[in-house]
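See below for structure19.txt, which holds compact mmCIF, C-alpha atoms.
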```txt
# COMPACT_ATOMS: atom_id res chain seq x y z
CA MET A 1 -24.96 25.00 7.80
CA GLY A 2 -22.54 26.40 10.37
CA LEU A 3 -20.67 29.66 10.00
CA LEU A 4 -17.37 27.98 9.08
CA SER A 5 -19.05 25.72 6.53
CA GLY A 6 -20.88 28.72 5.04
CA LEU A 7 -17.65 30.71 4.76
CA GLN A 8 -15.91 27.77 3.10
CA THR A 9 -18.75 27.34 0.60
CA GLY A 10 -18.70 31.06 -0.19
CA PHE A 11 -14.93 31.05 -0.68
CA LEU A 12 -15.10 28.04 -3.00
CA ARG A 13 -17.84 29.69 -5.07
CA LEU A 14 -15.74 32.85 -5.33
CA HIS A 15 -12.73 30.75 -6.36
CA GLN A 16 -14.70 29.03 -9.11
CA ALA A 17 -16.18 32.33 -10.34
CA ALA A 18 -12.69 33.87 -10.58
CA TYR A 19 -11.33 30.77 -12.36
CA GLU A 20 -14.17 30.82 -14.89
CA GLY A 21 -14.30 34.61 -15.27
CA THR A 22 -10.59 34.95 -16.01
CA ARG A 23 -10.55 31.89 -18.31
CA GLY A 24 -7.96 30.28 -16.08
CA ALA A 25 -5.62 33.25 -15.53
CA ILE A 26 -6.62 33.13 -11.84
CA GLY A 27 -7.68 30.00 -10.01
CA HIS A 28 -5.40 27.12 -10.92
CA ARG A 29 -3.40 27.31 -7.66
CA THR A 30 -5.32 29.98 -5.74
CA ILE A 31 -6.48 27.61 -2.98
CA GLY A 32 -3.02 26.17 -2.30
CA VAL A 33 -3.49 22.99 -4.31
CA PRO A 34 -3.96 22.61 -8.06
CA SER A 35 -7.52 22.73 -9.30
CA LEU A 36 -9.25 22.36 -12.62
CA LEU A 37 -12.66 23.19 -14.02
CA LEU A 38 -14.73 20.21 -15.11
CA THR A 39 -17.68 20.96 -17.40
CA SER A 40 -20.17 18.18 -17.96
CA VAL A 41 -23.64 18.09 -19.48
CA GLY A 42 -26.50 17.86 -16.98
CA ARG A 43 -28.08 14.45 -17.44
CA ARG A 44 -31.61 15.84 -17.00
CA SER A 45 -31.26 19.50 -17.96
CA GLY A 46 -28.91 19.11 -20.91
CA GLN A 47 -27.21 22.30 -19.69
CA ALA A 48 -23.45 22.71 -19.19
CA ARG A 49 -22.48 22.37 -15.52
CA THR A 50 -19.05 23.37 -14.21
CA ALA A 51 -17.31 22.35 -11.00
CA ALA A 52 -13.91 23.44 -9.67
CA LEU A 53 -12.08 20.34 -8.44
CA ILE A 54 -8.70 19.53 -6.95
CA TYR A 55 -6.74 17.12 -9.12
CA ALA A 56 -3.65 14.96 -9.26
CA LYS A 57 -1.81 14.04 -12.45
CA ASP A 58 -1.60 10.39 -13.52
CA GLY A 59 0.45 10.30 -16.71
CA ASP A 60 -1.47 12.38 -19.25
CA SER A 61 -4.68 12.09 -17.22
CA TYR A 62 -6.10 14.11 -14.34
CA VAL A 63 -7.69 12.37 -11.36
CA VAL A 64 -10.50 14.08 -9.42
CA THR A 65 -12.48 12.88 -6.45
CA ALA A 66 -16.28 12.73 -6.12
CA SER A 67 -16.04 13.45 -2.40
CA ASN A 68 -18.67 16.18 -1.99
CA SER A 69 -16.76 17.02 1.23
CA GLY A 70 -17.80 13.67 2.72
CA ALA A 71 -21.55 14.18 2.29
CA ASP A 72 -23.69 11.05 2.09
CA ALA A 73 -24.70 11.90 -1.50
CA PRO A 74 -22.10 12.18 -4.27
CA PRO A 75 -21.79 15.46 -6.17
CA GLY A 76 -24.17 16.01 -9.08
CA TRP A 77 -21.36 16.16 -11.61
CA LEU A 78 -20.61 12.47 -10.97
CA PHE A 79 -24.06 11.46 -12.26
CA ASN A 80 -23.49 13.68 -15.30
CA VAL A 81 -20.16 12.06 -16.26
CA LYS A 82 -21.61 8.59 -15.74
CA ALA A 83 -24.42 9.48 -18.17
CA ASP A 84 -22.10 11.19 -20.68
CA PRO A 85 -18.34 10.76 -20.22
CA SER A 86 -17.47 13.40 -22.83
CA VAL A 87 -16.43 16.44 -20.81
CA ASP A 88 -14.56 19.71 -21.11
CA VAL A 89 -11.61 20.44 -18.80
CA ARG A 90 -9.74 23.64 -18.04
CA VAL A 91 -6.38 23.47 -16.27
CA GLY A 92 -5.13 27.00 -15.86
CA ARG A 93 -5.46 28.65 -19.27
CA ARG A 94 -5.43 25.30 -21.12
CA ARG A 95 -8.84 23.98 -22.16
CA PHE A 96 -9.45 20.57 -23.78
CA ALA A 97 -12.01 17.84 -24.40
CA ALA A 98 -11.61 14.73 -22.27
CA LEU A 99 -13.21 11.39 -21.50
CA ALA A 100 -14.24 10.67 -17.92
CA ASP A 101 -13.60 7.19 -16.55
CA VAL A 102 -15.22 6.50 -13.16
CA VAL A 103 -12.99 4.42 -10.88
CA GLY A 104 -14.64 2.79 -7.88
CA PRO A 105 -13.10 0.84 -4.99
CA GLU A 106 -13.57 -2.47 -6.85
CA ASP A 107 -11.25 -1.28 -9.63
CA PRO A 108 -7.63 -2.48 -9.25
CA ARG A 109 -6.40 1.06 -10.05
CA TYR A 110 -8.37 2.59 -7.18
CA GLY A 111 -5.85 2.24 -4.32
CA ALA A 112 -2.96 3.84 -6.16
CA LEU A 113 -5.13 6.63 -7.60
CA TRP A 114 -6.77 7.28 -4.22
CA ASN A 115 -3.36 7.65 -2.54
CA LEU A 116 -2.17 9.93 -5.33
CA VAL A 117 -5.09 12.36 -5.15
CA ASN A 118 -5.38 12.18 -1.35
CA ARG A 119 -1.70 13.19 -0.99
CA ARG A 120 -2.23 16.04 -3.45
CA ASN A 121 -5.12 17.31 -1.30
CA LEU A 122 -3.11 17.07 1.93
CA GLY A 123 -5.07 14.09 3.33
CA ARG A 124 -8.49 15.76 3.16
CA TYR A 125 -10.12 12.97 1.15
CA ARG A 126 -9.22 10.37 3.75
CA ARG A 127 -10.94 12.59 6.35
CA TYR A 128 -13.96 13.00 4.07
CA GLN A 129 -14.24 9.22 3.69
CA THR A 130 -14.59 8.89 7.48
CA LYS A 131 -17.67 11.17 7.35
CA THR A 132 -19.70 8.91 5.04
CA THR A 133 -20.39 5.22 4.50
CA ARG A 134 -20.60 5.57 0.71
CA PRO A 135 -17.40 4.70 -1.11
CA ILE A 136 -15.97 7.87 -2.62
CA GLU A 137 -15.43 7.33 -6.32
CA LEU A 138 -12.63 8.80 -8.40
CA VAL A 139 -12.80 10.04 -11.97
CA ARG A 140 -9.88 9.85 -14.38
CA LEU A 141 -10.05 12.58 -17.04
CA THR A 142 -8.06 11.67 -20.14
CA PRO A 143 -7.61 14.22 -22.93
CA ALA A 144 -9.57 13.11 -26.00
```
With the file now loaded, output its structure as C-alpha cells.
Amino acid sequence: MGLLSGLQTGFLRLHQAAYEGTRGAIGHRTIGVPSLLLTSVGRRSGQARTAALIYAKDGDSYVVTASNSGADAPPGWLFNVKADPSVDVRVGRRRFAALADVVGPEDPRYGALWNLVNRRNLGRYRRYQTKTTRPIELVRLTPA
C-alpha cells in the first residue's frame, strides 16, 4: 500500500469512527459527498459489520456502490447483504431498518442507478470500474 493509499484508508476509518461515535451528528457530509452507515450481519461470523458508504437518493431508497475502490474483489459487506438483505442504515442522525436489493449490470435499472450514484460521487465510480474487470454491483436500500 502506497503512502497516499494508506493516508486515504486512515482518513476513511477516522470518518467512519466519528460518524459512528457521534451517532450521526458528524459524518454525513464530512467528506464532501453524502454518506451513510450500512450495518449488515456477517454471513459467517453472525456479528454486526458497519461500513460508511457514499449514497445517492432514488425516491425513498438509497443507492450505494460495491466498488471497493476498484479492487478485484468486492467489499465484504456485499456478501453479507446477499446472504441476509435485512440491514440497518444510518443517514445523519436518522437510523432505520432497510431491505437491500442487489442490482447488477444485467438488471434494467442498473444504467440509470449507476449514473445517479456515479454523478453523486463526482465520477469516481466510473474510474474505479476501469481498475477492475469485475462488474461493480449496486445495492438499493429501501426503508422497511
Practice problem: In Å, rounded to a single decimal, give me how far atom CA of A:Val89 is from atom CA of A:Gly27. | Solution: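 For atom CA of A:Gly27 relative to atom CA of A:Val89, the distance reads 13.6 Å.
Among the candidate residues A:Val33, A:Leu38, A:Ala48, A:Leu99, the one lying nearest to A:Val117 is A:Val33, with distances computed using only C-alpha atoms.
Candidate residues A:Leu138, A:Val102, A:Val64, A:Ala71 were compared for distance to A:Asn121, and the nearest is A:Val64, using all atoms listed in the file.
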Quiz item: Which one is closest to A:Arg13: A:Ala52, A:Lys131, A:Lys82, A:Gly32? Count only C-alpha atoms.
Solution: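 Between A:Ala52, A:Lys131, A:Lys82, A:Gly32, the residue approaching A:Arg13 most closely is A:Ala52.
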Quiz prompt | For A:Asp58: contacts at 12 Å, only C-alpha atoms, fewer than 6 positions along chain excluded, given as a list of chain:residue names | solution =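 With the cut-off at 12 Å, the set is A:Val64, A:Arg109, A:Ala112, A:Leu113, A:Trp114, A:Asn115, A:Leu116, A:Val117, A:Arg120, A:Val139, A:Arg140, A:Leu141, A:Thr142, A:Pro143.
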Once you have the residues from the selection above, write them out as a PDB file, in the frame of the given file, restricted to C-alpha atoms.
```pdb
ATOM      1  CA  VAL A  64     -10.500  14.080  -9.420  1.00  0.00           C
ATOM      2  CA  ARG A 109      -6.400   1.060 -10.050  1.00  0.00           C
ATOM      3  CA  ALA A 112      -2.960   3.840  -6.160  1.00  0.00           C
ATOM      4  CA  LEU A 113      -5.130   6.630  -7.600  1.00  0.00           C
ATOM      5  CA  TRP A 114      -6.770   7.280  -4.220  1.00  0.00           C
ATOM      6  CA  ASN A 115      -3.360   7.650  -2.540  1.00  0.00           C
ATOM      7  CA  LEU A 116      -2.170   9.930  -5.330  1.00  0.00           C
ATOM      8  CA  VAL A 117      -5.090  12.360  -5.150  1.00  0.00           C
ATOM      9  CA  ARG A 120      -2.230  16.040  -3.450  1.00  0.00           C
ATOM     10  CA  VAL A 139     -12.800  10.040 -11.970  1.00  0.00           C
ATOM     11  CA  ARG A 140      -9.880   9.850 -14.380  1.00  0.00           C
ATOM     12  CA  LEU A 141     -10.050  12.580 -17.040  1.00  0.00           C
ATOM     13  CA  THR A 142      -8.060  11.670 -20.140  1.00  0.00           C
ATOM     14  CA  PRO A 143      -7.610  14.220 -22.930  1.00  0.00           C
TER      15      PRO A 143
END
```
Quiz item: Which one of A:Gly70, A:Gly10, A:Gly42, A:Gly24 sits closest to A:Asp84 if you count all atoms listed in the file?
Solution: A:Gly42
